[in-house]
>>> print(open('model-v6.csv').read())   # CSV, C-alpha atoms
chain,number,residue,atom,x,y,z
D,1,MET,CA,117.3,110.2,176.9
D,2,LYS,CA,116.9,113.9,176.9
D,3,LYS,CA,116.1,115.8,173.7
D,4,LYS,CA,119.4,117.8,173.7
D,5,GLU,CA,121.4,114.6,174.1
D,6,LYS,CA,119.5,112.9,171.3
D,7,MET,CA,120.2,115.8,169.0
D,8,LYS,CA,123.9,115.6,169.9
D,9,LEU,CA,124.0,111.9,169.1
D,10,ILE,CA,122.3,112.5,165.7
D,11,CYS,CA,124.7,115.3,164.8
D,12,GLY,CA,127.6,113.2,165.9
D,13,SER,CA,126.4,110.2,163.8
D,14,VAL,CA,126.0,112.4,160.7
D,15,LEU,CA,129.5,113.9,161.1
D,16,LEU,CA,130.9,110.4,161.5
D,17,MET,CA,129.1,109.2,158.4
D,18,MET,CA,130.4,112.2,156.4
D,19,MET,CA,134.0,111.6,157.6
D,20,LEU,CA,133.7,108.0,156.3
D,21,VAL,CA,131.9,108.7,153.0
D,22,ILE,CA,133.7,111.9,151.8
D,23,PRO,CA,137.1,110.0,151.2
D,24,LEU,CA,135.1,107.5,149.0
D,25,ILE,CA,133.3,110.0,146.8
D,26,ASN,CA,136.1,110.7,144.4
D,27,PRO,CA,137.1,107.1,143.9
D,28,LEU,CA,133.4,106.2,143.5
D,29,GLN,CA,133.0,108.9,140.8
D,30,GLU,CA,136.1,107.6,139.1
D,31,TYR,CA,134.8,104.1,139.2
D,32,ILE,CA,131.5,105.1,137.6
D,33,SER,CA,133.3,107.0,134.9
D,34,ILE,CA,135.4,104.0,133.8
D,35,PRO,CA,133.8,102.4,130.6
D,36,THR,CA,133.4,98.7,130.6
D,37,GLU,CA,134.1,98.7,126.9
D,38,LEU,CA,136.2,101.0,124.6
D,39,ARG,CA,136.0,100.7,120.8
D,40,ILE,CA,139.0,101.6,118.8
D,41,ASN,CA,138.3,102.5,115.1
D,42,ALA,CA,141.0,101.2,112.8
D,43,SER,CA,140.5,104.2,110.5
D,44,GLN,CA,142.1,106.2,113.3
D,45,PRO,CA,145.1,104.0,114.4
D,46,VAL,CA,146.1,104.2,118.0
D,47,THR,CA,148.8,102.5,120.0
D,48,ALA,CA,148.1,100.5,123.2
D,49,SER,CA,149.2,103.5,125.3
D,50,ALA,CA,147.0,105.8,123.2
D,51,GLY,CA,144.1,103.5,123.9
D,52,GLU,CA,144.7,103.9,127.6
D,53,GLN,CA,144.8,107.6,127.2
D,54,SER,CA,141.3,107.4,125.7
D,55,LEU,CA,140.1,106.3,129.2
D,56,PRO,CA,139.2,108.9,131.9
D,57,ALA,CA,142.2,110.4,133.6
D,58,LEU,CA,141.8,108.6,136.9
D,59,SER,CA,144.0,108.3,140.0
D,60,MET,CA,143.5,104.6,139.9
D,61,ASP,CA,146.3,102.4,138.5
D,62,LYS,CA,145.8,101.0,135.0
D,63,ILE,CA,147.3,97.6,134.1
D,64,THR,CA,147.1,96.5,130.4
D,65,GLU,CA,146.9,92.8,129.7
D,66,GLY,CA,146.3,91.9,126.0
D,67,ASP,CA,143.2,93.8,125.0
D,68,ASN,CA,141.9,94.5,128.4
D,69,VAL,CA,142.7,97.3,130.8
D,70,PHE,CA,142.4,96.5,134.5
D,71,HIS,CA,141.9,99.3,137.0
D,72,GLU,CA,143.2,99.0,140.5
D,73,TYR,CA,142.6,101.1,143.6
D,74,ALA,CA,145.0,100.6,146.6
D,75,GLY,CA,146.3,97.4,144.9
D,76,ILE,CA,142.8,95.9,144.6
D,77,PRO,CA,141.3,95.2,141.1
D,78,VAL,CA,138.0,97.1,140.8
D,79,LYS,CA,137.0,97.2,137.1
D,80,LYS,CA,138.0,96.0,133.6
D,81,THR,CA,137.8,97.8,130.3
D,82,GLU,CA,137.6,95.6,127.3
D,83,MET,CA,139.2,97.1,124.1
D,84,GLN,CA,137.1,96.4,121.0
D,85,HIS,CA,139.1,96.8,117.7
D,86,VAL,CA,137.0,97.9,114.7
D,87,LYS,CA,138.2,96.8,111.3
D,88,ASP,CA,139.2,99.4,108.6
D,89,ILE,CA,136.1,98.9,106.5
D,90,ARG,CA,135.8,101.1,103.4
D,91,LEU,CA,132.4,101.3,101.8
D,92,VAL,CA,131.3,102.9,98.6
D,93,PRO,CA,128.6,105.4,99.5
D,94,GLY,CA,125.3,104.9,97.7
D,95,GLY,CA,122.7,107.5,96.9
D,96,GLN,CA,121.5,105.9,93.7
D,97,SER,CA,117.8,105.5,93.1
D,98,VAL,CA,116.8,101.8,93.2
D,99,GLY,CA,113.7,99.7,92.6
D,100,VAL,CA,112.9,96.7,94.7
D,101,GLU,CA,110.8,93.7,93.9
D,102,LEU,CA,110.0,91.1,96.6
D,103,GLN,CA,108.5,87.7,96.2
D,104,THR,CA,106.7,86.7,99.4
D,105,LYS,CA,107.4,83.6,101.4
D,106,GLY,CA,104.1,81.9,100.8
D,107,VAL,CA,101.1,84.0,99.6
D,108,LEU,CA,99.8,86.9,101.7
D,109,VAL,CA,96.1,87.2,102.5
D,110,VAL,CA,95.0,90.8,101.9
D,111,GLY,CA,91.2,90.4,101.9
D,112,HIS,CA,88.1,88.3,101.6
D,113,HIS,CA,85.4,88.0,98.9
D,114,LEU,CA,82.2,86.1,98.3
D,115,VAL,CA,82.4,83.2,96.0
D,116,SER,CA,78.7,83.1,95.3
D,117,GLU,CA,76.2,86.0,95.2
D,118,ASP,CA,73.3,83.7,95.8
D,119,LYS,CA,71.3,85.2,98.7
D,120,ASN,CA,70.8,81.8,100.2
D,121,LYS,CA,74.5,80.9,99.9
D,122,GLN,CA,76.7,84.0,100.3
D,123,THR,CA,80.0,82.5,101.5
D,124,SER,CA,83.7,83.1,101.6
D,125,PRO,CA,85.2,79.7,102.4
D,126,GLY,CA,88.4,81.2,103.5
D,127,GLU,CA,86.7,83.7,105.9
D,128,TYR,CA,84.5,80.8,107.2
D,129,ALA,CA,87.7,78.9,108.0
D,130,ASP,CA,88.9,81.9,110.1
D,131,ILE,CA,91.7,82.9,107.7
D,132,GLN,CA,92.5,86.5,108.5
D,133,VAL,CA,94.0,89.4,106.6
D,134,GLY,CA,97.7,89.3,107.2
D,135,ASP,CA,97.9,85.5,107.4
D,136,ILE,CA,100.4,83.8,105.1
D,137,LEU,CA,99.5,80.6,103.3
D,138,LEU,CA,102.7,78.6,103.3
D,139,LYS,CA,101.6,75.3,101.9
D,140,GLY,CA,98.5,73.7,100.4
D,141,ASN,CA,98.1,69.9,100.7
D,142,GLY,CA,101.9,69.8,101.3
D,143,LYS,CA,102.9,71.9,98.3
D,144,GLU,CA,104.8,75.1,98.8
D,145,LEU,CA,102.9,78.3,97.8
D,146,ASN,CA,105.4,80.9,96.6
D,147,HIS,CA,103.3,82.3,93.8
D,148,MET,CA,99.6,82.9,93.2
D,149,GLU,CA,99.7,80.4,90.4
D,150,ASP,CA,100.7,77.7,92.9
D,151,LEU,CA,97.6,78.5,94.9
D,152,SER,CA,95.3,78.5,91.9
D,153,THR,CA,96.6,75.1,90.8
D,154,VAL,CA,95.9,73.5,94.3
D,155,VAL,CA,92.4,75.1,94.4
D,156,ALA,CA,91.5,73.9,91.0
D,157,GLU,CA,92.7,70.3,91.5
D,158,SER,CA,91.0,70.1,94.9
D,159,GLY,CA,87.7,71.5,93.6
D,160,GLU,CA,87.6,69.2,90.6
D,161,ASN,CA,88.2,66.2,92.9
D,162,ASP,CA,85.7,67.5,95.5
D,163,LYS,CA,88.4,67.5,98.2
D,164,GLU,CA,89.3,69.9,101.0
D,165,ILE,CA,92.7,71.7,101.1
D,166,LYS,CA,94.8,71.5,104.2
D,167,PHE,CA,96.8,74.8,104.5
D,168,ASP,CA,99.8,75.5,106.6
D,169,VAL,CA,99.2,79.0,107.8
D,170,LYS,CA,101.5,81.5,109.5
D,171,ARG,CA,100.0,84.2,111.7
D,172,GLY,CA,102.6,86.3,113.4
D,173,GLU,CA,105.1,83.9,115.0
D,174,GLU,CA,102.5,81.1,115.1
D,175,THR,CA,102.0,78.4,112.5
D,176,PHE,CA,98.9,76.3,112.3
D,177,GLN,CA,96.7,74.2,109.9
D,178,ALA,CA,93.4,75.2,108.4
D,179,THR,CA,91.1,73.3,106.1
D,180,ILE,CA,89.1,75.0,103.3
D,181,LYS,CA,86.9,73.4,100.7
D,182,PRO,CA,86.8,75.3,97.4
D,183,GLU,CA,83.4,76.3,95.9
D,184,VAL,CA,82.4,77.1,92.4
D,185,ASN,CA,82.0,80.8,91.5
D,186,PRO,CA,79.1,80.6,88.9
D,187,LYS,CA,80.0,83.9,87.3
D,188,GLU,CA,83.6,82.8,86.5
D,189,ASP,CA,82.9,79.1,86.4
D,190,LYS,CA,85.9,78.1,88.5
D,191,TYR,CA,86.7,77.0,92.0
D,192,GLN,CA,87.6,79.6,94.5
D,193,ILE,CA,88.3,79.9,98.3
D,194,GLY,CA,87.1,83.5,98.8
D,195,LEU,CA,90.5,85.1,99.5
D,196,TYR,CA,92.4,88.0,97.9
D,197,VAL,CA,96.1,87.2,98.0
D,198,ARG,CA,99.3,88.8,96.9
D,199,ASP,CA,102.7,87.2,96.2
D,200,SER,CA,104.9,90.2,95.5
D,201,ALA,CA,105.5,93.8,96.3
D,202,ALA,CA,107.5,96.5,94.5
D,203,GLY,CA,108.7,100.1,95.2
D,204,ILE,CA,111.6,102.5,95.1
D,205,GLY,CA,114.2,103.7,97.5
D,206,THR,CA,117.9,104.6,97.7
D,207,MET,CA,121.1,102.6,97.9
D,208,THR,CA,123.0,103.3,101.1
D,209,PHE,CA,126.3,101.4,100.7
D,210,TYR,CA,128.2,98.8,98.8
D,211,ASP,CA,131.1,96.7,100.3
D,212,PRO,CA,133.5,95.8,97.5
D,213,GLU,CA,135.1,93.1,99.7
D,214,THR,CA,132.0,91.0,100.3
D,215,LYS,CA,129.8,92.4,97.4
D,216,LYS,CA,127.1,93.0,100.0
D,217,TYR,CA,124.9,96.1,100.1
D,218,GLY,CA,122.3,97.9,102.2
D,219,ALA,CA,119.5,100.1,101.0
D,220,LEU,CA,116.3,101.9,102.2
D,221,GLY,CA,117.1,101.9,106.0
D,222,HIS,CA,113.7,100.7,106.9
D,223,VAL,CA,111.5,97.6,106.4
D,224,ILE,CA,109.2,97.1,103.4
D,225,ALA,CA,105.7,96.4,104.6
D,226,ASP,CA,102.6,95.3,102.7
D,227,MET,CA,100.4,98.3,101.7
D,228,ASP,CA,97.2,96.7,102.9
D,229,THR,CA,98.2,94.7,106.0
D,230,LYS,CA,101.0,97.2,107.1
D,231,LYS,CA,103.0,94.1,108.1
D,232,PRO,CA,106.6,93.5,107.2
D,233,ILE,CA,106.9,91.3,104.0
D,234,GLU,CA,108.6,87.9,104.6
D,235,ILE,CA,110.5,87.3,101.4
D,236,HIS,CA,111.1,84.1,99.4
D,237,GLU,CA,113.4,85.9,97.0
D,238,GLY,CA,113.9,89.5,95.8
D,239,THR,CA,115.5,91.6,93.1
D,240,ILE,CA,117.1,95.1,93.4
D,241,VAL,CA,117.3,97.1,90.2
D,242,ASN,CA,118.6,100.5,89.0
D,243,SER,CA,115.9,103.1,88.6
D,244,ARG,CA,115.6,106.5,87.0
D,245,VAL,CA,113.8,109.4,88.9
D,246,THR,CA,111.2,110.9,86.6
D,247,SER,CA,109.7,113.6,88.8
D,248,ILE,CA,109.4,114.9,92.4
D,249,GLN,CA,106.2,115.6,94.3
D,250,LYS,CA,107.2,118.3,96.8
D,251,GLY,CA,106.4,117.7,100.4
D,252,ASN,CA,104.5,120.1,102.6
D,253,GLN,CA,103.5,120.1,106.3
D,254,GLY,CA,101.2,117.2,106.9
D,255,VAL,CA,101.6,115.8,103.3
D,256,PRO,CA,104.9,113.9,102.7
D,257,GLY,CA,106.3,114.3,99.2
D,258,GLU,CA,107.7,111.5,97.0
D,259,LYS,CA,110.1,110.6,94.3
D,260,ARG,CA,108.6,109.0,91.2
D,261,ALA,CA,110.8,106.7,89.3
D,262,GLU,CA,110.8,104.0,86.6
D,263,PHE,CA,112.7,100.7,86.3
D,264,SER,CA,112.7,97.4,84.5
D,265,LEU,CA,113.1,94.2,86.4
D,266,THR,CA,114.8,92.5,83.5
D,267,ASP,CA,116.9,95.2,82.0
D,268,ASP,CA,118.1,97.1,85.2
D,269,ARG,CA,118.9,94.2,87.5
D,270,MET,CA,121.6,94.9,90.0
D,271,GLY,CA,121.5,92.0,92.4
D,272,THR,CA,119.5,89.9,94.9
D,273,ILE,CA,117.5,90.8,98.0
D,274,THR,CA,117.9,88.2,100.7
D,275,LYS,CA,116.7,90.1,103.8
D,276,ASN,CA,114.0,92.6,104.5
D,277,SER,CA,114.3,93.9,108.1
D,278,SER,CA,113.6,97.0,110.2
D,279,PHE,CA,117.0,98.4,109.0
D,280,GLY,CA,116.4,98.0,105.3
D,281,VAL,CA,116.8,95.5,102.5
D,282,PHE,CA,120.1,93.6,102.1
D,283,GLY,CA,121.7,91.1,99.7
D,284,GLU,CA,124.5,91.0,97.1
D,285,LEU,CA,125.2,93.0,94.0
D,286,GLU,CA,126.2,91.4,90.7
D,287,GLN,CA,128.2,94.5,89.7
D,288,ALA,CA,129.9,97.1,91.8
D,289,ILE,CA,128.2,100.5,92.1
D,290,LYS,CA,130.2,103.7,91.4
D,291,ASN,CA,130.4,107.0,93.2
D,292,ASP,CA,132.6,109.4,91.4
D,293,LYS,CA,132.9,111.8,94.4
D,294,TYR,CA,134.1,109.0,96.7
D,295,SER,CA,135.6,106.5,94.2
D,296,GLU,CA,138.0,105.0,96.8
D,297,GLY,CA,135.2,104.5,99.3
D,298,LEU,CA,134.9,105.9,102.8
D,299,PRO,CA,135.5,104.5,106.3
D,300,ILE,CA,132.6,104.2,108.8
D,301,ALA,CA,132.0,106.1,111.9
D,302,LEU,CA,130.8,104.4,115.1
D,303,ASP,CA,127.7,105.9,116.7
D,304,GLU,CA,129.7,107.6,119.5
D,305,GLU,CA,131.9,109.4,116.9
D,306,ILE,CA,129.0,111.2,115.3
D,307,LYS,CA,128.8,114.9,116.2
D,308,GLU,CA,125.8,117.2,116.2
D,309,GLY,CA,126.4,119.7,113.4
D,310,PRO,CA,127.0,119.8,109.6
D,311,ALA,CA,126.9,116.7,107.4
D,312,GLU,CA,125.8,115.8,103.9
D,313,ILE,CA,123.6,113.2,102.2
D,314,MET,CA,123.8,111.8,98.7
D,315,THR,CA,120.7,111.1,96.6
D,316,VAL,CA,119.2,111.4,93.1
D,317,LEU,CA,116.6,114.0,92.1
D,318,ASN,CA,116.6,113.7,88.4
D,319,GLY,CA,117.4,110.6,86.2
D,320,GLU,CA,120.4,108.9,87.6
D,321,ASP,CA,122.4,112.1,88.5
D,322,LEU,CA,124.0,111.5,92.0
D,323,GLN,CA,124.2,114.8,94.0
D,324,SER,CA,125.4,115.8,97.5
D,325,PHE,CA,123.3,118.1,99.7
D,326,ASP,CA,123.9,119.8,103.1
D,327,VAL,CA,122.2,118.6,106.2
D,328,GLU,CA,122.6,119.0,109.9
D,329,ILE,CA,122.7,116.3,112.6
D,330,VAL,CA,120.4,117.9,115.1
D,331,ARG,CA,120.7,115.1,117.6
D,332,ASN,CA,122.7,111.9,117.9
D,333,MET,CA,121.3,109.1,120.1
D,334,PRO,CA,123.9,106.3,120.4
D,335,LYS,CA,122.6,103.0,121.9
D,336,ASP,CA,124.3,99.7,122.9
D,337,SER,CA,121.6,97.7,121.0
D,338,PRO,CA,120.2,98.2,117.5
D,339,VAL,CA,117.7,101.0,117.0
D,340,THR,CA,116.2,102.3,113.8
D,341,LYS,CA,115.9,105.9,114.9
D,342,GLY,CA,119.4,106.8,116.1
D,343,MET,CA,119.7,110.4,114.7
D,344,ILE,CA,117.6,113.4,113.9
D,345,VAL,CA,118.5,114.9,110.6
D,346,LYS,CA,117.5,118.3,109.2
D,347,ILE,CA,117.8,119.3,105.6
D,348,THR,CA,119.6,122.7,105.3
D,349,ASP,CA,120.5,122.7,101.6
D,350,PRO,CA,118.5,125.5,99.7
D,351,GLU,CA,118.4,123.5,96.4
D,352,LEU,CA,117.1,120.4,98.0
D,353,LEU,CA,114.5,122.3,100.1
D,354,ASP,CA,113.4,124.1,96.9
D,355,LYS,CA,112.9,121.0,94.9
D,356,THR,CA,111.6,118.5,97.5
D,357,GLY,CA,110.6,120.5,100.6
D,358,GLY,CA,112.9,118.3,102.6
D,359,ILE,CA,112.8,114.5,103.0
D,360,VAL,CA,110.5,112.7,100.6
D,361,GLN,CA,109.4,109.1,100.2
D,362,GLY,CA,112.0,107.3,98.0
D,363,MET,CA,114.8,109.2,99.7
D,364,SER,CA,115.0,106.6,102.4
D,365,GLY,CA,118.4,105.0,102.4
D,366,SER,CA,120.3,108.1,101.3
D,367,PRO,CA,123.7,107.8,102.9
D,368,ILE,CA,124.7,110.4,105.5
D,369,ILE,CA,128.4,111.5,105.5
D,370,GLN,CA,130.2,113.5,108.1
D,371,ASP,CA,133.9,114.3,108.4
D,372,GLY,CA,134.8,111.9,105.6
D,373,LYS,CA,133.0,108.9,107.1
D,374,ILE,CA,129.7,107.2,106.4
D,375,ILE,CA,127.6,107.6,109.6
D,376,GLY,CA,124.2,106.2,108.5
D,377,ALA,CA,121.2,106.7,106.3
D,378,VAL,CA,118.0,108.7,106.1
D,379,THR,CA,115.0,106.6,107.1
D,380,HIS,CA,111.8,108.5,108.1
D,381,VAL,CA,110.4,112.0,107.6
D,382,PHE,CA,108.5,114.0,110.2
D,383,VAL,CA,105.1,114.4,108.7
D,384,ASN,CA,104.5,117.7,110.4
D,385,ASP,CA,108.0,119.0,109.4
D,386,PRO,CA,109.2,117.5,106.1
D,387,THR,CA,112.5,119.3,106.5
D,388,SER,CA,113.5,116.9,109.2
D,389,GLY,CA,113.4,113.2,109.9
D,390,TYR,CA,115.2,110.2,111.5
D,391,GLY,CA,118.5,108.5,110.5
D,392,VAL,CA,119.8,105.0,111.3
D,393,HIS,CA,123.4,104.4,112.4
D,394,ILE,CA,125.6,102.6,109.8
D,395,GLU,CA,126.9,100.0,112.2
D,396,TRP,CA,123.4,98.5,112.7
D,397,MET,CA,122.8,98.3,108.9
D,398,LEU,CA,126.2,96.6,108.5
D,399,GLU,CA,125.2,94.1,111.2
D,400,GLU,CA,121.9,93.3,109.4
D,401,ALA,CA,123.9,92.9,106.1
D,402,GLY,CA,126.1,90.3,107.8
D,403,ILE,CA,129.2,92.4,107.7
D,404,ASN,CA,131.2,92.1,110.9
D,405,ILE,CA,132.9,95.4,111.9
D,406,TYR,CA,135.1,93.9,114.5
D,407,GLU,CA,138.5,92.3,114.1
D,408,GLU,CA,138.0,88.5,114.3
D,409,ASP,CA,140.1,88.1,117.4
D,410,HIS,CA,138.2,90.8,119.2
D,411,ALA,CA,134.7,90.2,117.8
D,412,LYS,CA,131.8,90.9,120.1
D,413,ALA,CA,130.0,87.8,121.5
D,414,SER,CA,126.6,87.5,119.8
>>> encode(input="model-v6.csv", output="structure tokens")
Amino acid sequence: MKKKEKMKLICGSVLLMMMLVIPLINPLQEYISIPTELRINASQPVTASAGEQSLPALSMDKITEGDNVFHEYAGIPVKKTEMQHVKDIRLVPGGQSVGVELQTKGVLVVGHHLVSEDKNKQTSPGEYADIQVGDILLKGNGKELNHMEDLSTVVAESGENDKEIKFDVKRGEETFQATIKPEVNPKEDKYQIGLYVRDSAAGIGTMTFYDPETKKYGALGHVIADMDTKKPIEIHEGTIVNSRVTSIQKGNQGVPGEKRAEFSLTDDRMGTITKNSSFGVFGELEQAIKNDKYSEGLPIALDEEIKEGPAEIMTVLNGEDLQSFDVEIVRNMPKDSPVTKGMIVKITDPELLDKTGGIVQGMSGSPIIQDGKIIGAVTHVFVNDPTSGYGVHIEWMLEEAGINIYEEDHAKAS
């Protein structure tokens, strides 16, 4: 085949392909733009037809059947949009400073020590048994270990009877058994296994929301980790209490600031902590919290409703005085699956910047409000820019709290 004829054939083929493809470009673009799911927030009631109007203005035919919209092209069904109805949930915004106390599930190993300083017998029985920092001792000889006193009793009894202890140990997701024989520490004249352990942790943060209907709450917006192992604390039980801010250490570039607060576990009790997750701590309150500015509560905003621009946070800087401060949503990053860093928030309020330098430790959990809706909570500060940090979307905190945001008949499959 001559070169000129080959070029004519190629050009002809390209033109033919273009003639076939061009008529399909517009329908293809329309097809891609059709959402597979559309969420309708009950705080902004819409009719069925209004729900359809929320879809792209396509040339395809739309047929509504129940809570689904079927899209047809030339009489052929091509795509379905499922309508998800969100309940009209009204939450009381938090902002109050809270103290948390967690009892670990088992006792947490945070270090090793020598039982004897005899040069000929320098041993740590626990280390010798390959018990590592971060391991959790769940049981000793079949007895649950939820407090350090439980471990001390098992060690003393086994030592006096010259017996080994069989431990159930958790390391990450793995559970295994380890055997340790207690030895006498001559200085203290008691049996030990050479392990430093901890059975509780405490700290402060900020309440995010309270649901009057279920009495459930969410706070902090991030997980509580052990200060030595840096691993999330698995809790046996926990208590959340009211706290009073006593002072603020202002943050600077490279040095995060912090709130300092005081609380009493007996006198200031608010409720229980049943969950410590990447999205905060959750449980139930024994008494409702109050927010005078939003006494009737506020609806929630879905992540796709959040706009880049002005918003406010609520938090406490002195005592128990709840205040509102201006912030800006610099970036919103909605996702189909739970993420802890869904927004970038920048403090713009002159008073807050003057007193704190921006976001400080202890402010985590401060609710973010935009256009009369709770949209999420402050979670992390940027170390090199304390005026800014991350926020988590409220819907993921509600999911962790066990509050279903969807109407029962239209609930998402889990």
>>> residues_around(input="model-v6.csv", residues="Gly111 of chain D", least_positions_apart="5", cutoff="8 Å", atoms="all atoms listed in the file", output="VMD selection string")
chain D and resid 132 to 133 195 to 197
>>> write_last_selection(input="model-v6.csv", atoms="C-alpha atoms", output="short mmCIF file (atom, residue, chain, number, x, y, z; two decimals), in the coordinates of the input")
data_model
loop_
_atom_site.label_atom_id
_atom_site.label_comp_id
_atom_site.auth_asym_id
_atom_site.auth_seq_id
_atom_site.Cartn_x
_atom_site.Cartn_y
_atom_site.Cartn_z
CA GLN D 132 92.50 86.50 108.50
CA VAL D 133 94.00 89.40 106.60
CA LEU D 195 90.50 85.10 99.50
CA TYR D 196 92.40 88.00 97.90
CA VAL D 197 96.10 87.20 98.00
#
>>> atom_distance(input="model-v6.csv", atom1="atom CA of Phe382 of chain D", atom2="atom CA of Ser366 of chain D")
15.9 Å
>>> closest_residue(input="model-v6.csv", among="D:Gly389, D:Gly106, D:Gly376, D:Gly134", to="Asp228 of chain D", atoms="only C-alpha atoms")
D:Gly134
>>> closest_residue(input="model-v6.csv", among="D:Met343, D:Arg198, D:Glu407, D:Val98", to="Ala219 of chain D", atoms="all atoms listed in the file")
D:Val98
>>> residues_around(input="model-v6.csv", residues="Lys293 of chain D", least_positions_apart="6", cutoff="10 Å", atoms="all atoms listed in the file", output="list in words")
Val92, Pro93, Leu322, Gln323 and Ser324 of chain D
>>> closest_residue(input="model-v6.csv", among="D:Phe209, D:Tyr191, D:Phe282, D:Tyr128", to="Ile89 of chain D", atoms="only C-alpha atoms")
D:Phe209
>>> atom_distance(input="model-v6.csv", atom1="atom CA of Lys139 of chain D", atom2="atom CA of Thr272 of chain D")
24.1 Å
>>> residues_around(input="model-v6.csv", residues="Asp130 of chain D", least_positions_apart="5", cutoff="10 Å", atoms="all atoms listed in the file", output="list in words")
Pro125, Ala178, Thr179 and Ile180 of chain D
>>> closest_residue(input="model-v6.csv", among="D:Glu400, D:Glu183, D:Glu157, D:Glu284", to="Val339 of chain D", atoms="all atoms listed in the file")
D:Glu400
>>> residues_around(input="model-v6.csv", residues="Ala401 of chain D", least_positions_apart="6", cutoff="12 Å", atoms="only C-alpha atoms", output="NGL selection string")
:D and (208-211 or 214-219 or 221 or 273-284 or 394-395)
>>> atom_distance(input="model-v6.csv", atom1="atom CA of Thr239 of chain D", atom2="atom CA of Thr153 of chain D")
25.2 Å
>>> closest_residue(input="model-v6.csv", among="D:Arg269, D:Lys181, D:Arg90, D:His85", to="Ile374 of chain D", atoms="all atoms listed in the file")
D:Arg90
>>> closest_residue(input="model-v6.csv", among="D:Glu305, D:Glu399, D:Glu164, D:Glu173", to="Gln192 of chain D", atoms="all atoms listed in the file")
D:Glu164
>>> closest_atom_pairs(input="model-v6.csv", of="segment 137-216 of chain D", to="segment 253-266 of chain D", cutoff="12 Å", atoms="all atoms listed in the file", output="Markdown table")
| residue | atom | partner | partner_atom | distance |
| --- | --- | --- | --- | --- |
| D:Ala202 | CA | D:Leu265 | CA | 10.1 |
| D:Gly203 | CA | D:Ala261 | CA | 9.1 |
| D:Ile204 | CA | D:Ala261 | CA | 7.2 |
| D:Gly205 | CA | D:Lys259 | CA | 8.6 |
| D:Thr206 | CA | D:Lys259 | CA | 10.4 |
>>> decode(input="model-v6.csv", residues="segment 395-405 of chain D", atoms="N, CA, C and O atoms", output="mmCIF file, in the first residue's frame")
data_model
loop_
_atom_site.group_PDB
_atom_site.id
_atom_site.type_symbol
_atom_site.label_atom_id
_atom_site.label_comp_id
_atom_site.auth_asym_id
_atom_site.auth_seq_id
_atom_site.Cartn_x
_atom_site.Cartn_y
_atom_site.Cartn_z
ATOM 1 N N GLU D 395 -20.403 14.403 61.586
ATOM 2 C CA GLU D 395 -21.089 13.143 61.322
ATOM 3 C C GLU D 395 -20.256 11.932 61.717
ATOM 4 O O GLU D 395 -20.796 10.901 62.136
ATOM 5 N N TRP D 396 -18.913 12.052 61.645
ATOM 6 C CA TRP D 396 -18.077 10.910 62.035
ATOM 7 C C TRP D 396 -18.028 10.767 63.554
ATOM 8 O O TRP D 396 -17.920 9.650 64.073
ATOM 9 N N MET D 397 -18.097 11.893 64.284
ATOM 10 C CA MET D 397 -18.157 11.812 65.745
ATOM 11 C C MET D 397 -19.489 11.201 66.192
ATOM 12 O O MET D 397 -19.523 10.396 67.132
ATOM 13 N N LEU D 398 -20.578 11.557 65.506
ATOM 14 C CA LEU D 398 -21.873 10.981 65.848
ATOM 15 C C LEU D 398 -21.889 9.477 65.594
ATOM 16 O O LEU D 398 -22.456 8.704 66.373
ATOM 17 N N GLU D 399 -21.260 9.062 64.506
ATOM 18 C CA GLU D 399 -21.191 7.628 64.209
ATOM 19 C C GLU D 399 -20.447 6.891 65.312
ATOM 20 O O GLU D 399 -20.866 5.820 65.757
ATOM 21 N N GLU D 400 -19.346 7.470 65.785
ATOM 22 C CA GLU D 400 -18.578 6.843 66.864
ATOM 23 C C GLU D 400 -19.363 6.820 68.179
ATOM 24 O O GLU D 400 -19.199 5.916 68.994
ATOM 25 N N ALA D 401 -20.218 7.826 68.371
ATOM 26 C CA ALA D 401 -21.027 7.894 69.592
ATOM 27 C C ALA D 401 -22.197 6.921 69.557
ATOM 28 O O ALA D 401 -22.872 6.713 70.570
ATOM 29 N N GLY D 402 -22.436 6.322 68.386
ATOM 30 C CA GLY D 402 -23.556 5.390 68.258
ATOM 31 C C GLY D 402 -24.871 6.084 67.975
ATOM 32 O O GLY D 402 -25.942 5.542 68.264
ATOM 33 N N ILE D 403 -24.806 7.298 67.400
ATOM 34 C CA ILE D 403 -26.006 8.053 67.048
ATOM 35 C C ILE D 403 -26.199 7.970 65.541
ATOM 36 O O ILE D 403 -25.381 8.491 64.770
ATOM 37 N N ASN D 404 -27.266 7.320 65.110
ATOM 38 C CA ASN D 404 -27.540 7.150 63.688
ATOM 39 C C ASN D 404 -28.158 8.423 63.130
ATOM 40 O O ASN D 404 -29.183 8.900 63.620
ATOM 41 N N ILE D 405 -27.556 9.005 62.109
ATOM 42 C CA ILE D 405 -28.066 10.267 61.558
ATOM 43 C C ILE D 405 -29.111 10.052 60.477
ATOM 44 O O ILE D 405 -29.740 11.010 60.035
#
